[in-house]
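Here the structure comes first, spelled out in structure tokens, and everything after it is commentary.
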Amino acid sequence: MELQQQQEQYEYQNQLFQQQQYLQSQQWLQQHPETAHFRRQPPPPPQQQQEQQQQQQQEDQVLSHAHLKPGHKATLLSHTQTLELYRQNAKKTNDPELQFEFAAFMIDAGKSLENLEARAELFDEAMKLLRKLATSGHAESQHYLAECYASGFAKGKPDFDKAFPLWVQASKHGHPDAAYRTGRCYDEGLGTRKDNARAVQFYRKAASANHPGAMWRLGVVTLYGELGATESPRDGVKWLKRSSQAATPEFPFALYELAQLHERGIENIVFIDPEYSVSLYSQAAELGHAASAFRLGECWEYGKLNCKQDPRLSIHYYTLAAQEEHPEACFALAAWYLVGSPGILPQSDGEAFIWAKRAADHGLPKALYAMGYFTEAGIGPSKDMELAIEWYKKAAQAGDKRAAQRLEGVPLAGKGDKDKDEKCTVM
């Protein structure tokens, strides 16, 4: 045990020494550029060159900070040792990028700490460093700090009054995402008054840098003439196409918009193409877009958009959307569990109840009615007429006519009945 501890300590000290030597050598080389020609050496023999390349790759892995960057775990050192190593290097260097990475690393590391006091100290140290870097004009720190404020990380609740000016500053330094966030603030009145013209201005600035979110929003704005912009479907579609080509899990929305456009078409601009719509929905669903996954679930369940009915694919896509808390998808999955699908999905009243409850928790009227039905009929934990009436009241208030009829004494439909279109009459 002692030998292992000594070995770990030796490795830590060795890594620290190499980091310090590297930083010192880089600083010296920057101060003495005239020595560059002395550092040019003749190429070594092939075998020696290969050995040197392997050695260099190992050193680069240690010295590149790749294992220390935000979102990554150090593989060579313990968490505490990595933090201290990072701290010492950040104090010695004037490189704002390394200092920023250290601040972000502290926040990432702090989230895993169970000790609340230690976590608070780490967060406080990180925020102080981020504020210092932001004040010095470091765009990534300004943006990151704004994200902290907007997400409620700093105060426990969103603070757009502090986030907005930081995004403005970062956008002036050419940060595309900061320009997009600034546009959203002007668009929605977050941390500033609403200003349609400025919102469009910042969207265009971010879109010119190929920001997928800005291109999507600009596409919608110009497609429908929102925010005081001149309605131009052709330009709107152009921006949506550009956004779809750069789509990410955070910004898959243009794929969905284009898929819908190809369902209905726009004369002389967008042709109706069901197969292409399905392709676009599929791309968006792969990026985690719940509404696209739900639409695919409908297509494969009912044979829409030239899809052949396929219970397996329908259940698959409903599940993807339901896992993202899409209310309609949760409800559709409940309907599948209520009747089951031979060889694909076993019938389960319990699962049907669970998914219907999740949909009802989002306020979906027909899910509220279904919960009343389930509770009255004993589908789920138990029968409870008083609780069923409460569900029916909520459903009726939300506009469900069947719930209002049930409260007036209309008999229940049979469990799991299907109409002529194979839709579950209860659901």
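Note on naming: chains are A, B, ... as they come in the structure tokens, residues start from 1 per chain, ligands start from 1 in the order shown.
By only C-alpha atoms, and with residues fewer than 2 positions from Asp310 (chain A) along its chain excluded, the set lying at most 12 Å from it is A:Leu296, A:Gly297, A:Glu298, A:Cys299, A:Trp300, A:Glu301, A:Tyr302, A:Gly303, A:Lys304, A:Asn306, A:Cys307, A:Lys308, A:Arg312, A:Leu313, A:Ser314, A:Ile315, A:His316, A:Tyr317, A:Ser341, A:Ile344.
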Practice problem: DSSP on the backbone, then: every residue of region 228-384 of chain A marked strand (DSSP E or B), written as a VMD selection string. | Solution: chain A and resid 266 270 341 345
Written selection (C-alpha atoms) as a compact mmCIF listing (two decimals), in the first residue's frame:
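That gives us selection-v1.txt:
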# COMPACT_ATOMS: atom_id res chain seq x y z
CA ILE A 266 -44.76 26.29 -50.74
CA VAL A 270 -40.76 24.05 -51.64
CA SER A 341 -48.24 -5.60 -29.94
CA LEU A 345 -44.47 -5.10 -26.96
Quiz prompt | Point-to-point distance in Å for CA of Lys155 (chain A) and CA of Glu84 (chain A) | solution =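 Atom-to-atom, CA of Glu84 (chain A) and CA of Lys155 (chain A) are spaced 26.3 Å apart.
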Quiz prompt | Polymer residues at most 10 Å from region 169-175 of chain A, only C-alpha atoms, same-chain spacing of 3 or more positions, as a list in words | solution =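 Within the cut-off, the hits are Ala134, Thr135, Gly137, His138, Ala139, Glu140, Ser141, Gln142, His143, Tyr144, Ala146, Phe164, Pro165, Leu166, Ala178, Ala179, Tyr180, Arg181, Thr182, Phe202, Lys205, Ala206 and Ala209 of chain A.
Within 7 Å of region 384-392 of chain A there are Leu368, Tyr369, Met371, Gly372, Tyr373, Thr375, Glu376, Ala395, Ala396, Ala403 and Leu407 of chain A, counting only C-alpha atoms and ignoring same-chain residues fewer than 3 positions away.
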Quiz prompt | Atomic separation - CA of Glu325 (chain A) relative to CA of Leu223 (chain A), Å | solution =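 Result for CA of Leu223 (chain A) versus CA of Glu325 (chain A): 28.7 Å, one decimal.
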Exercise. Could you please write out, as a PyMOL selection string, every residue of region 184-301 of chain A that DSSP assigns to alpha helix (DSSP H)?
Key: chain A and resi 184-188+196-207+212-224+233-245+253-264+274-286+290-301
Quiz prompt | Given only C-alpha atoms as the counted atoms, nearest of A:His211, A:Lys357, A:Arg204, A:Lys238 to Phe251 (chain A) | solution =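 Ranked by minimum distance to Phe251 (chain A), first place goes to A:His211.
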Please identify all polymer residues within 8 Å of Ile379 (chain A), counting only C-alpha atoms, omitting same-chain residues fewer than 5 positions from it, and present them as a PDB file with C-alpha atoms, in the first residue's frame.
ATOM      1  CA  ASP A 349     -51.637  -1.981 -17.662  1.00  0.00           C
ATOM      2  CA  GLY A 350     -48.923  -0.876 -15.266  1.00  0.00           C
ATOM      3  CA  PHE A 353     -50.680   3.871 -16.326  1.00  0.00           C
ATOM      4  CA  PHE A 374     -57.778   4.251 -15.394  1.00  0.00           C
TER       5      PHE A 374
END
Quiz item: When you draw a straight line from CA of Pro274 (chain A) to CA of Ala367 (chain A), how long is it in Å?
Solution: 29.5 Å
Quiz item: Which polymer residues have any atom within 10 Å of an atom of Val200 (chain A), counting only C-alpha atoms, with same-chain residues fewer than 3 positions away left out, as a VMD selection string?
Solution: chain A and resid 180 183 to 184 186 to 187 195 to 197 203 to 206 214 217 to 218 221 to 222 226 to 229
Take the residues from that selection and write them out as a JSON list (two decimals), in the first residue's frame, keeping N, CA and C atoms.
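Final output, saved to result-v2.json:
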[["chain", "number", "residue", "atom", "x", "y", "z"],
["A", 180, "TYR", "N", -25.73, 35.10, -30.93],
["A", 180, "TYR", "CA", -27.04, 34.45, -31.00],
["A", 180, "TYR", "C", -27.81, 34.66, -29.70],
["A", 183, "GLY", "N", -29.16, 38.07, -29.47],
["A", 183, "GLY", "CA", -30.36, 38.17, -30.29],
["A", 183, "GLY", "C", -31.58, 37.61, -29.58],
["A", 184, "ARG", "N", -31.42, 36.48, -28.90],
["A", 184, "ARG", "CA", -32.54, 35.88, -28.17],
["A", 184, "ARG", "C", -33.01, 36.78, -27.04],
["A", 186, "TYR", "N", -32.85, 40.10, -26.94],
["A", 186, "TYR", "CA", -33.63, 41.18, -27.56],
["A", 186, "TYR", "C", -34.97, 40.64, -28.09],
["A", 187, "ASP", "N", -34.96, 39.42, -28.56],
["A", 187, "ASP", "CA", -36.16, 38.77, -29.10],
["A", 187, "ASP", "C", -37.21, 38.56, -28.02],
["A", 195, "ASP", "N", -36.47, 44.34, -28.50],
["A", 195, "ASP", "CA", -36.08, 45.19, -29.62],
["A", 195, "ASP", "C", -35.95, 44.30, -30.85],
["A", 196, "ASN", "N", -37.00, 44.28, -31.66],
["A", 196, "ASN", "CA", -37.02, 43.38, -32.82],
["A", 196, "ASN", "C", -35.88, 43.64, -33.79],
["A", 197, "ALA", "N", -35.62, 44.92, -34.05],
["A", 197, "ALA", "CA", -34.58, 45.27, -35.01],
["A", 197, "ALA", "C", -33.21, 44.78, -34.55],
["A", 203, "TYR", "N", -29.00, 38.23, -34.83],
["A", 203, "TYR", "CA", -29.18, 36.94, -35.50],
["A", 203, "TYR", "C", -28.37, 36.90, -36.80],
["A", 204, "ARG", "N", -28.42, 37.99, -37.54],
["A", 204, "ARG", "CA", -27.67, 38.05, -38.81],
["A", 204, "ARG", "C", -26.16, 37.97, -38.55],
["A", 205, "LYS", "N", -25.72, 38.62, -37.49],
["A", 205, "LYS", "CA", -24.30, 38.59, -37.16],
["A", 205, "LYS", "C", -23.85, 37.16, -36.85],
["A", 206, "ALA", "N", -24.64, 36.46, -36.04],
["A", 206, "ALA", "CA", -24.29, 35.07, -35.69],
["A", 206, "ALA", "C", -24.46, 34.15, -36.90],
["A", 214, "ALA", "N", -28.82, 30.59, -34.94],
["A", 214, "ALA", "CA", -29.12, 31.89, -35.53],
["A", 214, "ALA", "C", -29.70, 31.73, -36.93],
["A", 217, "ARG", "N", -33.33, 30.54, -36.53],
["A", 217, "ARG", "CA", -34.24, 31.61, -36.08],
["A", 217, "ARG", "C", -34.43, 32.65, -37.18],
["A", 218, "LEU", "N", -33.36, 32.99, -37.88],
["A", 218, "LEU", "CA", -33.46, 33.95, -38.98],
["A", 218, "LEU", "C", -34.32, 33.38, -40.10],
["A", 221, "VAL", "N", -37.93, 33.74, -38.95],
["A", 221, "VAL", "CA", -38.29, 35.16, -38.95],
["A", 221, "VAL", "C", -38.60, 35.64, -40.37],
["A", 222, "THR", "N", -37.75, 35.31, -41.31],
["A", 222, "THR", "CA", -37.95, 35.78, -42.69],
["A", 222, "THR", "C", -39.02, 34.97, -43.41],
["A", 226, "GLU", "N", -41.72, 37.60, -39.15],
["A", 226, "GLU", "CA", -41.76, 37.92, -37.72],
["A", 226, "GLU", "C", -40.77, 39.04, -37.38],
["A", 227, "LEU", "N", -40.91, 39.59, -36.18],
["A", 227, "LEU", "CA", -40.00, 40.62, -35.65],
["A", 227, "LEU", "C", -39.88, 41.83, -36.58],
["A", 228, "GLY", "N", -40.93, 42.10, -37.30],
["A", 228, "GLY", "CA", -40.93, 43.27, -38.18],
["A", 228, "GLY", "C", -40.15, 43.09, -39.46],
["A", 229, "ALA", "N", -39.65, 41.88, -39.70],
["A", 229, "ALA", "CA", -38.87, 41.62, -40.91],
["A", 229, "ALA", "C", -39.80, 41.45, -42.11]]
